[in-house]
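Structure file data_27.csv; described as CSV, C-alpha atoms.
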chain,number,residue,atom,x,y,z
A,1,MET,CA,-12.7,-14.7,5.5
A,2,ILE,CA,-10.2,-13.5,3.0
A,3,SER,CA,-9.6,-15.7,-0.1
A,4,LEU,CA,-9.0,-15.5,-3.8
A,5,ASP,CA,-12.8,-15.2,-4.1
A,6,THR,CA,-13.0,-12.1,-1.8
A,7,PHE,CA,-9.8,-10.4,-2.7
A,8,VAL,CA,-10.5,-6.7,-3.3
A,9,GLY,CA,-9.4,-5.2,-6.7
A,10,ASN,CA,-7.1,-6.3,-9.5
A,11,GLY,CA,-9.5,-8.9,-10.7
A,12,ARG,CA,-7.6,-9.6,-13.9
A,13,THR,CA,-4.4,-10.4,-12.1
A,14,VAL,CA,-6.3,-12.7,-9.7
A,15,GLN,CA,-7.8,-14.5,-12.7
A,16,ILE,CA,-4.3,-15.0,-14.3
A,17,LEU,CA,-3.1,-16.6,-11.2
A,18,ARG,CA,-6.2,-18.8,-10.8
A,19,ARG,CA,-5.8,-20.2,-14.3
A,20,ALA,CA,-2.1,-20.8,-13.9
A,21,ILE,CA,-2.7,-22.8,-10.7
A,22,GLU,CA,-5.6,-24.8,-12.1
A,23,ARG,CA,-3.5,-25.7,-15.2
A,24,ASP,CA,-0.4,-26.4,-13.1
A,25,ARG,CA,1.5,-23.7,-15.0
A,26,LEU,CA,2.4,-21.3,-12.3
A,27,PRO,CA,5.8,-19.8,-12.9
A,28,HIS,CA,8.5,-20.7,-10.4
A,29,ALA,CA,9.4,-17.1,-9.9
A,30,MET,CA,7.2,-14.0,-10.1
A,31,ILE,CA,7.3,-10.3,-9.5
A,32,PHE,CA,4.2,-8.7,-8.0
A,33,SER,CA,4.6,-5.0,-9.0
A,34,GLY,CA,2.3,-2.1,-8.1
A,35,PRO,CA,1.4,0.7,-5.7
A,36,ALA,CA,1.7,0.2,-1.9
A,37,GLY,CA,-1.3,-1.0,-0.1
A,38,VAL,CA,-3.1,-2.8,-2.9
A,39,GLY,CA,-2.6,-6.3,-1.5
A,40,LYS,CA,0.3,-7.6,-3.4
A,41,CYS,CA,1.8,-9.5,-0.4
A,42,THR,CA,-1.7,-10.7,0.7
A,43,LEU,CA,-2.4,-12.1,-2.7
A,44,ALA,CA,1.0,-13.9,-2.7
A,45,LEU,CA,0.0,-15.6,0.5
A,46,LEU,CA,-3.4,-16.5,-0.9
A,47,VAL,CA,-1.7,-18.1,-3.8
A,48,ALA,CA,0.4,-20.1,-1.3
A,49,GLN,CA,-2.9,-21.1,0.5
A,50,ARG,CA,-4.5,-22.2,-2.8
A,51,LEU,CA,-1.4,-24.3,-3.8
A,52,ASN,CA,-1.4,-26.1,-0.5
A,53,CYS,CA,-5.1,-26.4,0.4
A,54,LEU,CA,-6.3,-30.0,1.0
A,55,SER,CA,-9.8,-29.4,-0.3
A,56,PRO,CA,-9.9,-26.4,-2.7
A,57,SER,CA,-13.4,-25.2,-3.6
A,58,GLY,CA,-13.5,-23.9,-7.2
A,59,GLY,CA,-10.7,-21.6,-7.8
A,60,ALA,CA,-10.0,-20.7,-4.1
A,61,ALA,CA,-8.8,-22.5,-1.0
A,62,CYS,CA,-11.3,-24.0,1.4
A,63,GLY,CA,-10.0,-21.9,4.4
A,64,ASP,CA,-10.8,-24.7,6.9
A,65,CYS,CA,-8.1,-27.3,6.5
A,66,ALA,CA,-4.9,-27.3,8.6
A,67,PRO,CA,-2.6,-25.8,5.8
A,68,CYS,CA,-5.2,-23.0,5.1
A,69,ARG,CA,-5.5,-22.1,8.7
A,70,ARG,CA,-1.7,-22.0,9.2
A,71,ILE,CA,-1.2,-19.8,6.1
A,72,LEU,CA,-4.0,-17.6,7.2
A,73,ALA,CA,-2.1,-17.1,10.4
A,74,VAL,CA,0.7,-15.6,8.3
A,75,ILE,CA,-1.7,-13.1,6.8
A,76,GLU,CA,-3.3,-12.1,10.1
A,77,SER,CA,0.0,-11.8,12.0
A,78,ARG,CA,1.5,-9.3,9.5
A,79,ARG,CA,-0.5,-6.5,11.1
A,80,LEU,CA,0.3,-7.7,14.7
A,81,GLN,CA,3.2,-6.6,16.8
A,82,CYS,CA,4.4,-7.9,20.2
A,83,ARG,CA,4.1,-5.2,22.9
A,84,SER,CA,5.5,-7.3,25.7
A,85,SER,CA,9.1,-7.7,24.6
A,86,LYS,CA,11.8,-5.3,23.3
A,87,GLU,CA,13.0,-8.2,21.1
A,88,GLY,CA,9.6,-8.3,19.4
A,89,PHE,CA,8.7,-11.8,20.5
A,90,CYS,CA,7.5,-12.9,23.9
A,91,GLY,CA,5.7,-16.0,23.0
A,92,ASN,CA,2.6,-15.4,25.2
A,93,CYS,CA,0.8,-12.4,23.8
A,94,PRO,CA,-2.0,-12.8,21.1
A,95,ALA,CA,0.4,-11.5,18.4
A,96,CYS,CA,3.1,-13.9,19.2
A,97,ARG,CA,0.7,-16.9,19.6
A,98,SER,CA,-0.6,-16.1,16.1
A,99,ARG,CA,2.9,-16.0,14.7
A,100,MET,CA,3.6,-19.4,16.2
A,101,LYS,CA,0.8,-20.9,14.2
A,102,ARG,CA,2.5,-20.0,10.9
A,103,HIS,CA,3.1,-22.6,8.3
A,104,PRO,CA,6.8,-23.7,8.3
A,105,ASP,CA,7.1,-23.8,4.5
A,106,ILE,CA,5.6,-20.4,3.8
A,107,ARG,CA,8.4,-17.9,4.2
A,108,LEU,CA,7.8,-14.2,4.3
A,109,VAL,CA,11.2,-12.4,4.2
A,110,GLU,CA,11.0,-8.7,5.3
A,111,PRO,CA,13.7,-6.2,6.0
A,112,GLU,CA,15.6,-6.4,9.2
A,113,LYS,CA,15.6,-2.7,10.2
A,114,THR,CA,15.8,-1.1,6.8
A,115,THR,CA,17.0,-3.7,4.3
A,116,ILE,CA,16.9,-7.4,3.4
A,117,GLY,CA,20.5,-8.4,4.0
A,118,ILE,CA,22.8,-11.0,2.5
A,119,ASP,CA,22.6,-13.2,5.5
A,120,GLN,CA,18.8,-13.4,5.3
A,121,VAL,CA,19.0,-14.4,1.6
A,122,ARG,CA,21.7,-17.0,2.3
A,123,ASP,CA,19.7,-18.6,5.1
A,124,LEU,CA,16.7,-18.7,2.7
A,125,ILE,CA,18.8,-20.3,-0.1
A,126,ARG,CA,20.1,-23.0,2.3
A,127,GLU,CA,16.6,-23.8,3.5
A,128,ILE,CA,15.0,-24.1,0.1
A,129,ALA,CA,17.7,-26.4,-1.2
A,130,PHE,CA,15.8,-29.1,0.7
A,131,GLN,CA,12.3,-30.4,0.1
A,132,PRO,CA,9.4,-28.7,2.0
A,133,LEU,CA,8.7,-30.1,5.4
A,134,GLU,CA,4.9,-30.2,5.0
A,135,ALA,CA,3.7,-28.3,2.0
A,136,ARG,CA,3.1,-29.6,-1.5
A,137,THR,CA,4.6,-26.4,-2.7
A,138,ARG,CA,6.9,-24.1,-0.6
A,139,VAL,CA,6.2,-20.4,-1.3
A,140,VAL,CA,8.9,-17.8,-0.5
A,141,ILE,CA,7.8,-14.1,-0.5
A,142,LEU,CA,10.3,-11.2,-0.3
A,143,ASP,CA,8.6,-7.9,0.6
A,144,PRO,CA,9.7,-5.4,-0.4
A,145,ALA,CA,12.1,-7.1,-2.7
A,146,ASP,CA,13.6,-3.7,-3.8
A,147,GLU,CA,15.0,-3.3,-0.3
A,148,MET,CA,17.5,-6.2,-0.8
A,149,ARG,CA,21.1,-5.1,-0.6
A,150,PRO,CA,23.1,-5.4,-3.9
A,151,GLU,CA,24.9,-8.5,-2.6
A,152,ALA,CA,21.6,-10.1,-1.7
A,153,HIS,CA,20.4,-9.5,-5.3
A,154,ASN,CA,23.4,-11.3,-6.6
A,155,SER,CA,23.0,-14.2,-4.2
A,156,LEU,CA,19.4,-14.7,-5.1
A,157,LEU,CA,20.1,-14.6,-8.9
A,158,LYS,CA,21.7,-18.1,-8.9
A,159,THR,CA,18.7,-19.6,-7.2
A,160,LEU,CA,16.4,-18.1,-9.8
A,161,GLU,CA,18.6,-19.5,-12.6
A,162,GLU,CA,18.4,-23.0,-11.0
A,163,PRO,CA,15.1,-23.0,-9.1
A,164,PRO,CA,14.6,-25.8,-6.5
A,165,SER,CA,11.7,-28.1,-7.1
A,166,ARG,CA,8.3,-27.6,-5.4
A,167,THR,CA,9.2,-24.0,-4.6
A,168,VAL,CA,7.7,-20.7,-5.9
A,169,ILE,CA,9.5,-17.4,-5.3
A,170,ILE,CA,7.5,-14.2,-5.3
A,171,LEU,CA,9.2,-10.8,-5.2
A,172,VAL,CA,6.8,-8.0,-4.0
A,173,THR,CA,7.7,-4.5,-5.0
A,174,ALA,CA,6.4,-1.0,-5.8
A,175,ASN,CA,9.6,-0.3,-7.7
A,176,PRO,CA,10.4,-3.3,-10.0
A,177,TYR,CA,13.1,-1.4,-11.9
A,178,LEU,CA,15.2,-1.2,-8.7
A,179,LEU,CA,15.7,-4.9,-9.1
A,180,LEU,CA,18.5,-6.2,-11.2
A,181,GLU,CA,17.6,-6.6,-14.9
A,182,THR,CA,18.9,-10.2,-14.7
A,183,ILE,CA,16.4,-10.9,-11.9
A,184,ARG,CA,13.6,-9.3,-13.8
A,185,SER,CA,14.3,-11.4,-16.9
A,186,ARG,CA,14.0,-14.6,-14.9
A,187,CYS,CA,10.6,-13.8,-13.3
A,188,ARG,CA,7.1,-13.4,-14.7
A,189,MET,CA,6.0,-9.9,-13.8
A,190,LEU,CA,2.4,-9.2,-12.8
A,191,HIS,CA,1.3,-5.6,-12.6
A,192,PHE,CA,-1.2,-4.4,-10.0
A,193,GLY,CA,-3.2,-1.1,-10.2
A,194,GLU,CA,-4.9,1.1,-7.7
A,195,ILE,CA,-8.2,-0.3,-6.3
A,196,GLY,CA,-11.4,1.5,-7.2
A,197,ARG,CA,-13.2,3.6,-4.7
A,198,GLU,CA,-16.4,1.5,-4.8
A,199,GLY,CA,-14.5,-1.7,-4.0
A,200,ILE,CA,-12.8,-0.1,-1.1
A,201,GLU,CA,-16.0,1.4,0.3
A,202,ARG,CA,-17.8,-2.0,0.0
A,203,HIS,CA,-15.0,-3.8,1.8
A,204,LEU,CA,-14.8,-1.3,4.6
A,205,VAL,CA,-18.6,-1.4,5.3
A,206,ALA,CA,-19.1,-5.1,4.8
A,207,ASN,CA,-15.9,-6.5,6.4
A,208,GLU,CA,-14.5,-3.8,8.7
A,209,GLY,CA,-17.6,-2.4,10.3
A,210,ARG,CA,-17.1,1.2,9.1
A,211,THR,CA,-20.0,3.5,8.6
A,212,ALA,CA,-21.0,4.4,5.0
A,213,GLU,CA,-19.8,8.0,5.4
A,214,GLU,CA,-16.5,7.0,7.0
A,215,ALA,CA,-15.9,4.4,4.3
A,216,ARG,CA,-16.7,6.9,1.6
A,217,LEU,CA,-14.2,9.4,3.1
A,218,ALA,CA,-11.5,6.8,3.5
A,219,ALA,CA,-11.9,5.6,-0.1
A,220,ALA,CA,-11.8,9.1,-1.4
A,221,LEU,CA,-8.5,9.9,0.4
A,222,CYS,CA,-6.6,6.7,0.3
A,223,GLY,CA,-5.4,7.0,-3.3
A,224,GLY,CA,-6.6,3.5,-4.4
A,225,SER,CA,-4.7,1.8,-1.5
A,226,LEU,CA,-6.8,-0.5,0.7
A,227,GLY,CA,-4.0,-0.6,3.2
A,228,ALA,CA,-4.2,3.2,3.6
A,229,ALA,CA,-8.0,3.0,3.9
A,230,LEU,CA,-7.7,0.3,6.7
A,231,ASP,CA,-5.4,2.6,8.6
A,232,PHE,CA,-7.5,5.7,8.0
A,233,ASP,CA,-8.6,7.5,11.2
A,234,ALA,CA,-11.6,9.6,10.5
A,235,LYS,CA,-11.6,11.6,13.7
A,236,ALA,CA,-7.9,12.5,13.4
A,237,TYR,CA,-8.5,13.4,9.7
A,238,VAL,CA,-11.3,15.9,10.5
A,239,GLU,CA,-8.9,17.9,12.7
A,240,VAL,CA,-6.2,17.8,10.0
A,241,ARG,CA,-8.7,18.8,7.3
A,242,ALA,CA,-9.7,22.0,9.0
A,243,GLN,CA,-6.0,23.2,8.9
A,244,ALA,CA,-5.5,22.0,5.4
A,245,PHE,CA,-8.7,23.8,4.2
A,246,ASP,CA,-7.4,27.1,5.6
A,247,PHE,CA,-4.2,26.6,3.5
A,248,VAL,CA,-6.2,25.7,0.4
A,249,ARG,CA,-8.3,28.8,0.9
A,250,LEU,CA,-5.2,30.9,1.1
A,251,ILE,CA,-3.8,29.4,-2.1
A,252,LEU,CA,-7.0,29.9,-4.1
A,253,SER,CA,-7.7,33.4,-2.7
A,254,ARG,CA,-4.0,34.5,-3.3
A,255,GLY,CA,-3.7,35.2,0.5
A,256,SER,CA,-0.7,36.5,2.3
A,257,PHE,CA,2.6,34.7,2.6
A,258,ALA,CA,2.9,35.5,6.4
A,259,GLU,CA,-0.5,33.7,7.1
A,260,ALA,CA,0.5,30.8,4.9
A,261,SER,CA,3.8,30.4,6.6
A,262,ALA,CA,2.2,30.3,10.0
A,263,LEU,CA,-0.2,27.6,8.8
A,264,VAL,CA,2.4,25.3,7.3
A,265,ALA,CA,4.9,25.5,10.2
A,266,PRO,CA,3.1,23.0,12.5
A,267,ALA,CA,2.3,20.7,9.5
A,268,ALA,CA,6.0,20.5,8.5
A,269,LYS,CA,7.4,19.4,11.8
A,270,ASP,CA,6.5,15.7,11.7
A,271,ARG,CA,6.9,13.6,8.6
A,272,ARG,CA,3.8,11.4,9.1
A,273,PHE,CA,1.6,14.4,10.0
A,274,PHE,CA,3.0,16.2,6.9
A,275,GLU,CA,2.0,13.3,4.7
A,276,LEU,CA,-1.5,13.2,6.1
A,277,TRP,CA,-1.8,17.0,5.8
A,278,MET,CA,-0.6,17.0,2.2
A,279,GLY,CA,-3.0,14.2,1.4
A,280,SER,CA,-5.8,16.3,2.8
A,281,VAL,CA,-4.8,19.4,0.8
A,282,SER,CA,-4.7,17.2,-2.4
A,283,ALA,CA,-8.1,15.7,-1.7
A,284,LEU,CA,-9.7,19.0,-0.9
A,285,LEU,CA,-8.4,20.6,-4.2
A,286,GLU,CA,-9.7,17.6,-6.1
A,287,ASN,CA,-13.1,17.8,-4.5
A,288,ILE,CA,-13.3,21.5,-5.2
A,289,TYR,CA,-12.5,20.8,-8.8
A,290,TYR,CA,-15.2,18.2,-9.1
A,291,ALA,CA,-17.8,20.1,-7.1
A,292,ALA,CA,-19.3,21.9,-10.1
A,293,LEU,CA,-18.4,19.3,-12.8
A,294,ALA,CA,-19.3,16.0,-11.2
A,295,PRO,CA,-20.7,16.3,-7.7
A,296,GLU,CA,-20.9,12.5,-7.3
A,297,ARG,CA,-17.1,12.4,-7.3
A,298,VAL,CA,-16.9,14.6,-4.2
A,299,GLY,CA,-15.9,12.1,-1.4
A,300,GLN,CA,-16.2,14.5,1.6
A,301,CYS,CA,-20.0,14.9,1.7
A,302,ASP,CA,-19.9,16.2,5.3
A,303,PHE,CA,-17.8,19.1,4.0
A,304,ALA,CA,-19.6,19.6,0.8
A,305,ASP,CA,-21.0,23.1,1.5
A,306,GLN,CA,-17.6,24.7,2.2
A,307,ILE,CA,-16.1,22.9,-0.8
A,308,GLU,CA,-18.9,24.1,-3.1
A,309,LYS,CA,-18.7,27.6,-1.8
A,310,LEU,CA,-15.0,27.9,-2.4
A,311,GLY,CA,-15.3,26.2,-5.8
A,312,ARG,CA,-17.5,29.0,-7.0
A,313,THR,CA,-14.9,31.6,-6.4
A,314,VAL,CA,-12.0,30.2,-8.4
A,315,SER,CA,-11.2,29.2,-12.0
A,316,ARG,CA,-10.6,25.6,-13.1
A,317,THR,CA,-7.2,26.7,-14.4
A,318,SER,CA,-6.1,27.8,-10.9
A,319,LEU,CA,-7.4,24.6,-9.4
A,320,VAL,CA,-5.5,22.5,-12.0
A,321,GLN,CA,-2.3,24.4,-11.3
A,322,ALA,CA,-2.7,24.0,-7.6
A,323,ILE,CA,-3.4,20.2,-7.9
A,324,GLU,CA,-0.4,19.7,-10.1
A,325,ALA,CA,1.9,21.7,-7.7
A,326,VAL,CA,0.7,19.7,-4.6
A,327,GLU,CA,1.2,16.4,-6.3
A,328,LYS,CA,4.6,17.4,-7.5
A,329,LEU,CA,5.6,18.2,-3.9
A,330,ARG,CA,4.0,15.0,-2.5
A,331,ASN,CA,6.0,12.9,-4.9
A,332,ALA,CA,9.2,14.8,-4.2
A,333,ALA,CA,8.7,14.4,-0.4
A,334,LEU,CA,8.5,10.6,-0.9
A,335,LYS,CA,11.8,10.4,-2.8
A,336,TYR,CA,13.9,13.1,-1.1
A,337,ASN,CA,14.6,14.4,2.4
A,338,LEU,CA,13.0,17.8,1.9
A,339,GLN,CA,13.0,20.9,4.1
A,340,ARG,CA,9.3,20.6,4.3
A,341,GLN,CA,8.4,24.1,5.5
A,342,ILE,CA,10.6,25.7,2.9
A,343,ALA,CA,9.2,23.5,0.2
A,344,LEU,CA,5.6,24.4,1.2
A,345,GLU,CA,6.3,28.1,1.3
A,346,ALA,CA,8.0,27.9,-2.1
A,347,MET,CA,5.0,26.1,-3.6
A,348,PHE,CA,2.7,28.7,-2.1
A,349,LEU,CA,4.7,31.6,-3.6
A,350,GLU,CA,4.8,29.9,-7.0
A,351,LEU,CA,1.0,29.5,-7.0
A,352,VAL,CA,0.2,33.1,-5.9
A,353,ARG,CA,3.0,35.0,-7.7
A,354,PRO,CA,1.2,35.4,-11.0
A,355,SER,CA,-1.5,37.6,-9.5
A,356,LYS,CA,1.1,39.9,-7.9
A,357,GLN,CA,2.9,40.7,-11.1
What do you get writing this file as C-alpha cells?
Amino acid sequence: MISLDTFVGNGRTVQILRRAIERDRLPHAMIFSGPAGVGKCTLALLVAQRLNCLSPSGGAACGDCAPCRRILAVIESRRLQCRSSKEGFCGNCPACRSRMKRHPDIRLVEPEKTTIGIDQVRDLIREIAFQPLEARTRVVILDPADEMRPEAHNSLLKTLEEPPSRTVIILVTANPYLLLETIRSRCRMLHFGEIGREGIERHLVANEGRTAEEARLAAALCGGSLGAALDFDAKAYVEVRAQAFDFVRLILSRGSFAEASALVAPAAKDRRFFELWMGSVSALLENIYYAALAPERVGQCDFADQIEKLGRTVSRTSLVQAIEAVEKLRNAALKYNLQRQIALEAMFLELVRPSKQ
C-alpha cells in the first residue's frame, strides 16, 4: 500500500513535509515543482491522507481508517477511466464506483479538456469559504496548475492572500514559472527531481509484478519518471527499438540520406509513436556511449551484443554530438508543433555532413 513510508524517490522533500506536519507548521499554500511522472500529485494526496488520518503511525497515515481509505480512493481512481459512458461517468463500472468513494474535502482540480477555467476556480473558492464537511484539514490540489487560464490565476490570487482556515492548497506543476509571480511569492515551493533507476526498478519488481529484466529496461528508458515506467510496454518497445537501432546505425556509420528518410517516415506520422521512437534512439545512443566506459550503466542487457559491437566502431565525440542533437530535437518537439519528418531529416544531415565535406 502506498504511503509516505513507501513513496518512491525525493526522500528529502518527503522528510520536509513530514517534519512540517508533525510540528503543525505546514504552509497553507505550496507549489510542488518538478518533472512529470515523479509523483508530485500522489505525494500531495498522501499529505492529505496524513493530515486527516485518525490513527497515524509514526510519520505516515495508518491506511486503514475511513479517511485514509477514502483518500486512497482518490489516488487509485486517477488512473481509472469510465468506459461505459460518453460523459465519463456511468456510476456502475469499477472506475466510477472507486470515484464515488472519494473524500468530499479532498479536491483534485484538473483541466476540463485542455485548461483549468475560471468557472472551476470560482466554484472551488466558493466551496472552501466554508468549513470542511468531514476533514480536519481540507486539501485542494490543482494539477497541472500551469494550465490555469490567466483569469483563473487572478481569481485564485485573492484566496492565497486571505487563506481560509483548515485548508491547504497545493499547486502541482512542471513549469512553475508559468504561474504568476504574485502566486509564487505566496506559496512555499518544493522542488522534485528525477527518480533514480534503482528505486524505479525495485518498485516495479516488488509492487508491480514486473520481471527484473523488464524493470531494468523500463527504468533505463523512463528518464527518471515512475509514471512513464508504469506505462512502459516492453513488448511494444522491442519492436520500436529495432527500427530506432537502424536509424542510430545510419547516423553513426554516416549512411545515406535516402535510407534514413525511409526509416523516419513511419516514425514521424504519429506523435505518441514519435516520442517513443525518439526515446528509444536517445536510450540506444546513451547505452552505446557507456558500453565501453561503464557497462553496468547499459540498461538494455538483452541488446548488449549489438550495442557493444556498434560502440566499437565509432568515436565518443560522434556519440556525444548525436546524443546532444537528439535531446535538442526531443525538447523542441515537446515545446513546438514541429514537422517531425523534416526535423528528423535535418538532424540526420547535420550529423553526417562533416564527413562529406
For a test of reading the model, state the distance in Å between atom CA of Ile251 of chain A and atom CA of Tyr290 of chain A, rounded to one decimal. 17.4 Å
Between A:Leu124, A:Val109, A:Glu286, A:Leu190, which residue has the minimum interatomic distance to Gln15 of chain A, considering all atoms listed in the file?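 Among A:Leu124, A:Val109, A:Glu286, A:Leu190, it is A:Leu190 that comes nearest to Gln15 of chain A.
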Have a look at atom CA of Leu319 of chain A and atom CA of Ala304 of chain A and let me know their distance in Å, one decimal. 16.7 Å
d(atom CA of Leu4 of chain A, atom CA of Gly59 of chain A) in Å: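 Distance reported for this atom pair: 7.5 Å.
Nearest to Gly255 of chain A of all the residues A:Ile169, A:Ile200, A:Val352, A:Ile75 is A:Val352, counting only C-alpha atoms.
When only C-alpha atoms are used to measure the gap to Arg136 of chain A, the shortest distance among A:Glu151, A:Cys53, A:Thr173, A:His203 belongs to A:Cys53.
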Shortest interatomic distance to Ile128 of chain A - which of A:Leu142, A:Ile16, A:Val168, A:Leu293, counting all atoms listed in the file: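 Looking at the shortest contact to Ile128 of chain A, the residue is A:Val168.
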Here's a test: counting all atoms listed in the file, identify every protein, DNA and RNA residue with an atom at most 10 Å from (1.7, 26.0, -3.7) in the file's coordinate frame, and state them as a VMD selection string. chain A and resid 247 to 248 250 to 252 260 321 to 329 343 to 353
Do a neighbour search on segment 33-49 of chain A at 8 Å with all atoms listed in the file, toss out local chain neighbours closer than 4 positions, and write the hits as a PyMOL selection string. chain A and resi 3-4+7+9+17+53+61+67-68+71-72+74-75+106+137-139+141+143+170+172-176+189-195+224-228
Could you please give me, as a VMD selection string, the residues of protein, DNA or RNA lying at most 9 Å from (-14.1, 8.3, 7.7) in the coordinate frame of the file, considering only C-alpha atoms? chain A and resid 210 to 219 229 232 to 235 237 to 238 300
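Among the candidates A:Val140, A:Leu284, A:Leu180, A:Val320, the one nearest to Ala152 of chain A when counting only C-alpha atoms is A:Leu180.
Minimum distance to Pro163 of chain A across A:Val264, A:Ala29, A:Ile288, A:Leu178 (counting all atoms listed in the file) occurs at A:Ala29.
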